[in-house]
Structure formats: C-alpha cells, structure tokens
$ cat data_21.txt   # compact mmCIF, C-alpha atoms
# COMPACT_ATOMS: atom_id res chain seq x y z
CA MET G 42 0.00 0.00 0.00
CA SER G 43 1.86 3.11 1.22
CA ALA G 44 4.92 3.82 3.35
CA LEU G 45 3.46 7.19 4.37
CA PRO G 46 2.23 7.69 7.95
CA LEU G 47 -1.30 6.40 8.34
CA ARG G 48 -4.41 8.09 9.61
CA ALA G 49 -7.80 6.61 10.47
CA LEU G 50 -11.12 8.39 10.45
CA ALA G 51 -14.48 7.02 11.58
CA TYR G 52 -17.79 8.83 11.19
CA GLN G 53 -21.50 8.22 11.27
CA SER G 54 -24.22 9.96 9.29
CA THR G 55 -27.90 9.68 8.43
CA ALA G 56 -29.29 8.96 4.97
CA SER G 57 -31.01 12.10 3.68
CA CYS G 58 -33.60 9.99 1.81
CA PRO G 59 -34.34 6.28 1.38
CA LEU G 60 -31.61 4.59 -0.67
CA ALA G 61 -32.28 1.70 -3.02
CA ALA G 62 -29.83 -1.20 -3.23
CA ASP G 63 -28.61 -0.06 -6.66
CA SER G 64 -27.79 3.40 -5.22
CA ILE G 65 -25.63 1.76 -2.56
CA ASP G 66 -23.97 -0.39 -5.25
CA ASP G 67 -23.19 2.71 -7.34
CA LEU G 68 -21.78 4.49 -4.30
CA LEU G 69 -19.58 1.49 -3.54
CA ILE G 70 -18.24 1.04 -7.08
CA THR G 71 -17.25 4.71 -7.27
CA ALA G 72 -15.73 4.69 -3.78
CA MET G 73 -13.73 1.53 -4.46
CA ALA G 74 -12.08 3.02 -7.55
CA ARG G 75 -11.25 6.34 -5.88
CA ASN G 76 -10.05 4.78 -2.66
CA GLN G 77 -7.83 2.27 -4.41
CA ALA G 78 -6.19 5.07 -6.43
CA LEU G 79 -5.48 6.96 -3.18
CA SER G 80 -4.39 3.91 -1.14
CA VAL G 81 -7.36 4.29 1.21
CA THR G 82 -8.91 1.21 2.77
CA GLY G 83 -11.88 0.76 5.04
CA VAL G 84 -15.36 -0.48 5.66
CA LEU G 85 -18.84 1.01 5.30
CA LEU G 86 -21.81 -0.20 7.34
CA PHE G 87 -25.41 0.76 6.54
CA ASP G 88 -28.52 -0.15 8.52
CA GLY G 89 -31.01 1.25 6.01
CA HIS G 90 -31.05 4.63 7.73
CA ARG G 91 -27.58 5.37 9.14
CA PHE G 92 -24.08 5.03 7.77
CA PHE G 93 -20.94 4.22 9.72
CA GLN G 94 -17.63 4.32 7.89
CA TYR G 95 -14.07 3.64 8.97
CA LEU G 96 -11.31 4.83 6.62
CA GLU G 97 -7.55 4.40 6.83
CA GLY G 98 -4.74 5.66 4.64
CA PRO G 99 -2.25 8.49 4.11
CA HIS G 100 -3.25 11.80 5.75
CA VAL G 101 -3.74 13.77 2.52
CA ALA G 102 -5.74 10.93 0.94
CA ILE G 103 -8.08 10.78 3.94
CA ASP G 104 -8.60 14.55 3.61
CA GLN G 105 -9.54 14.12 -0.07
CA VAL G 106 -11.89 11.19 0.53
CA PHE G 107 -13.58 12.69 3.57
CA GLY G 108 -14.01 16.07 1.84
CA ARG G 109 -15.97 14.30 -0.90
CA ILE G 110 -17.98 12.38 1.72
CA GLU G 111 -18.92 15.59 3.54
CA ARG G 112 -20.23 17.12 0.30
CA ASP G 113 -22.30 14.06 -0.66
CA THR G 114 -26.01 14.91 -0.51
CA ARG G 115 -27.13 11.29 0.03
CA HIS G 116 -26.48 11.73 3.72
CA GLU G 117 -26.54 14.42 6.41
CA ARG G 118 -25.51 15.01 10.02
CA VAL G 119 -21.99 13.71 9.44
CA GLY G 120 -20.34 13.29 12.83
CA VAL G 121 -16.67 12.38 13.19
CA LEU G 122 -16.07 9.77 15.89
CA PHE G 123 -12.33 9.24 15.46
CA ASP G 124 -9.60 11.01 13.49
CA GLU G 125 -6.04 10.16 14.49
CA ALA G 126 -2.74 8.75 13.36
CA VAL G 127 -2.65 4.94 13.52
CA ASN G 128 0.14 2.38 13.51
CA GLU G 129 -1.36 -0.07 11.04
CA ARG G 130 -4.34 -0.82 8.81
CA TYR G 131 -7.06 -3.13 10.06
CA PHE G 132 -8.79 -3.42 6.67
CA ARG G 133 -5.69 -3.54 4.48
CA ASN G 134 -7.29 -5.74 1.82
CA TRP G 135 -10.44 -3.66 1.36
CA SER G 136 -10.38 -0.54 -0.85
CA MET G 137 -13.98 -0.23 0.31
CA VAL G 138 -16.52 -2.80 1.24
CA CYS G 139 -20.10 -2.32 2.39
CA ARG G 140 -22.09 -4.49 4.70
CA SER G 141 -25.71 -4.23 5.61
CA VAL G 142 -26.01 -4.36 9.37
CA ASP G 143 -28.89 -4.35 11.84
CA VAL G 144 -29.63 -1.21 13.83
CA SER G 145 -28.42 -2.56 17.17
CA ALA G 146 -25.02 -3.66 15.80
CA LEU G 147 -24.44 -0.31 14.09
CA HIS G 148 -25.47 1.54 17.25
CA ALA G 149 -23.10 -0.54 19.40
CA ILE G 150 -20.15 0.10 17.07
CA ALA G 151 -20.82 3.83 16.65
CA ALA G 152 -21.52 4.33 20.36
CA GLY G 153 -18.25 2.64 21.37
CA LYS G 154 -15.62 4.98 22.75
CA TRP G 155 -13.59 6.16 19.76
CA LYS G 156 -11.06 8.30 21.59
CA ARG G 157 -7.73 6.89 22.62
CA GLN G 158 -7.11 6.88 26.33
CA PHE G 159 -3.36 7.34 25.94
CA PRO G 160 -1.43 9.34 23.34
CA ALA G 161 0.57 6.38 22.03
CA VAL G 162 -0.46 2.76 22.27
CA ARG G 163 0.77 -0.42 20.66
CA ASP G 164 -2.61 -2.06 20.24
CA ASP G 165 -5.14 0.48 18.97
CA ARG G 166 -7.79 -2.22 18.78
CA ARG G 167 -7.83 -2.68 22.55
CA ALA G 168 -7.22 0.98 23.36
CA VAL G 169 -10.11 2.25 21.21
CA PRO G 170 -13.19 0.19 22.17
CA GLY G 171 -15.16 1.36 19.11
CA LEU G 172 -12.45 0.02 16.80
CA GLY G 173 -12.35 -3.26 18.73
CA ALA G 174 -16.13 -3.64 18.34
CA LEU G 175 -15.90 -2.93 14.59
CA VAL G 176 -13.06 -5.39 13.99
CA ASP G 177 -14.74 -8.08 16.12
CA PHE G 178 -18.00 -7.59 14.20
CA TRP G 179 -16.19 -7.79 10.87
CA GLU G 180 -14.19 -10.88 11.81
CA ARG G 181 -17.33 -12.71 13.04
CA ALA G 182 -19.14 -11.82 9.80
CA HIS G 183 -16.28 -13.22 7.69
CA ALA G 184 -15.52 -16.32 9.77
$ encode --input "data_21.txt" --output "structure tokens"
Amino acid sequence: MSALPLRALAYQSTASCPLAADSIDDLLITAMARNQALSVTGVLLFDGHRFFQYLEGPHVAIDQVFGRIERDTRHERVGVLFDEAVNERYFRNWSMVCRSVDVSALHAIAAGKWKRQFPAVRDDRRAVPGLGALVDFWERAHA
C-alpha cells in the first residue's frame, strides 16, 4: 500500500432519503475506484437509515476522501467519531466494502468509545473500544 504515515477516520451519518440497493452499489463502485487510487482502505456499514464508515490511509488521501464524503447529498448530520494517526491498517485488503447491518449492531459500534485513552499505544484495537467492536464484528461476519 503506502509507506506514508497512516491516519484513520471514523464517522457516522444519516441517509437524507431512502436509498435503493442499486444506489448503494453505485456508491460502492465509485468509492472503491477512488479509494484504491489513493491507497485508502476501510469499511462502510449501513442499517437502512444510518451510515458508519471507517477509513484508513495516508493523511492527505483521507482529507480528499472525507471532503468528498462531507459534500455528498445522500447523507446528512456527518459526525466524526475518530480522526487520528494509527500504527497499522485493520482493513488492508479492502479498498472499500459495504455491509448491511442491523440497527443494534451499528449503534453498538458507533456508540463505542472512539477516543484513545493514551497518546501512544501499541494495540489500537484494545485501546479504542469502538475500533475493537468494529473489527470483532467484521471478523465474526467473515468467519
């Protein structure tokens, strides 16, 4: 991927109108191409009403991708949960992947504490409970 320092950003938002499955597919195809070109990886969860997305990649690339996300009219009330430097990628093989998720799972992941408790930690997954919940959910879904 990239030898540049990595940054991770997690946010949640609300769909501004009902989205059909083909709209989500179009969003995903476009995002995959752009993210791959910028060396950005991550995961998108959607419960039919709310989005949760976790992105990781070089700092400037995350700025570019998130700027586009903030301007997208398909969602509103974009709230950043986490935006910090990270030691490694957790979704290194995914330029972007979407998973439909039930409301309670999305709520539990988004409501998890997304702030680090210490400035530098070796295991971000344990130090950031929201990230741990997301990775655990993803690993169970792909087991």
$ atom_distance --input "data_21.txt" --atom1 "atom CA of Phe93 of chain G" --atom2 "atom CA of Ala61 of chain G"
17.2 Å
$ atom_distance --input "data_21.txt" --atom1 "atom CA of Gly171 of chain G" --atom2 "atom CA of Tyr52 of chain G"
11.2 Å
$ atom_distance --input "data_21.txt" --atom1 "atom CA of Asp63 of chain G" --atom2 "atom CA of Phe92 of chain G"
16.0 Å
$ closest_residue --input "data_21.txt" --among "G:Tyr131, G:Phe178, G:Phe87, G:Trp155" --to "Leu47 of chain G" --atoms "all atoms listed in the file"
G:Tyr131
$ residues_near_point --input "data_21.txt" --point "(-32.3, 1.4, 12.7)" --cutoff "12 Å" --atoms "all atoms listed in the file" --output "count of residues only"
18
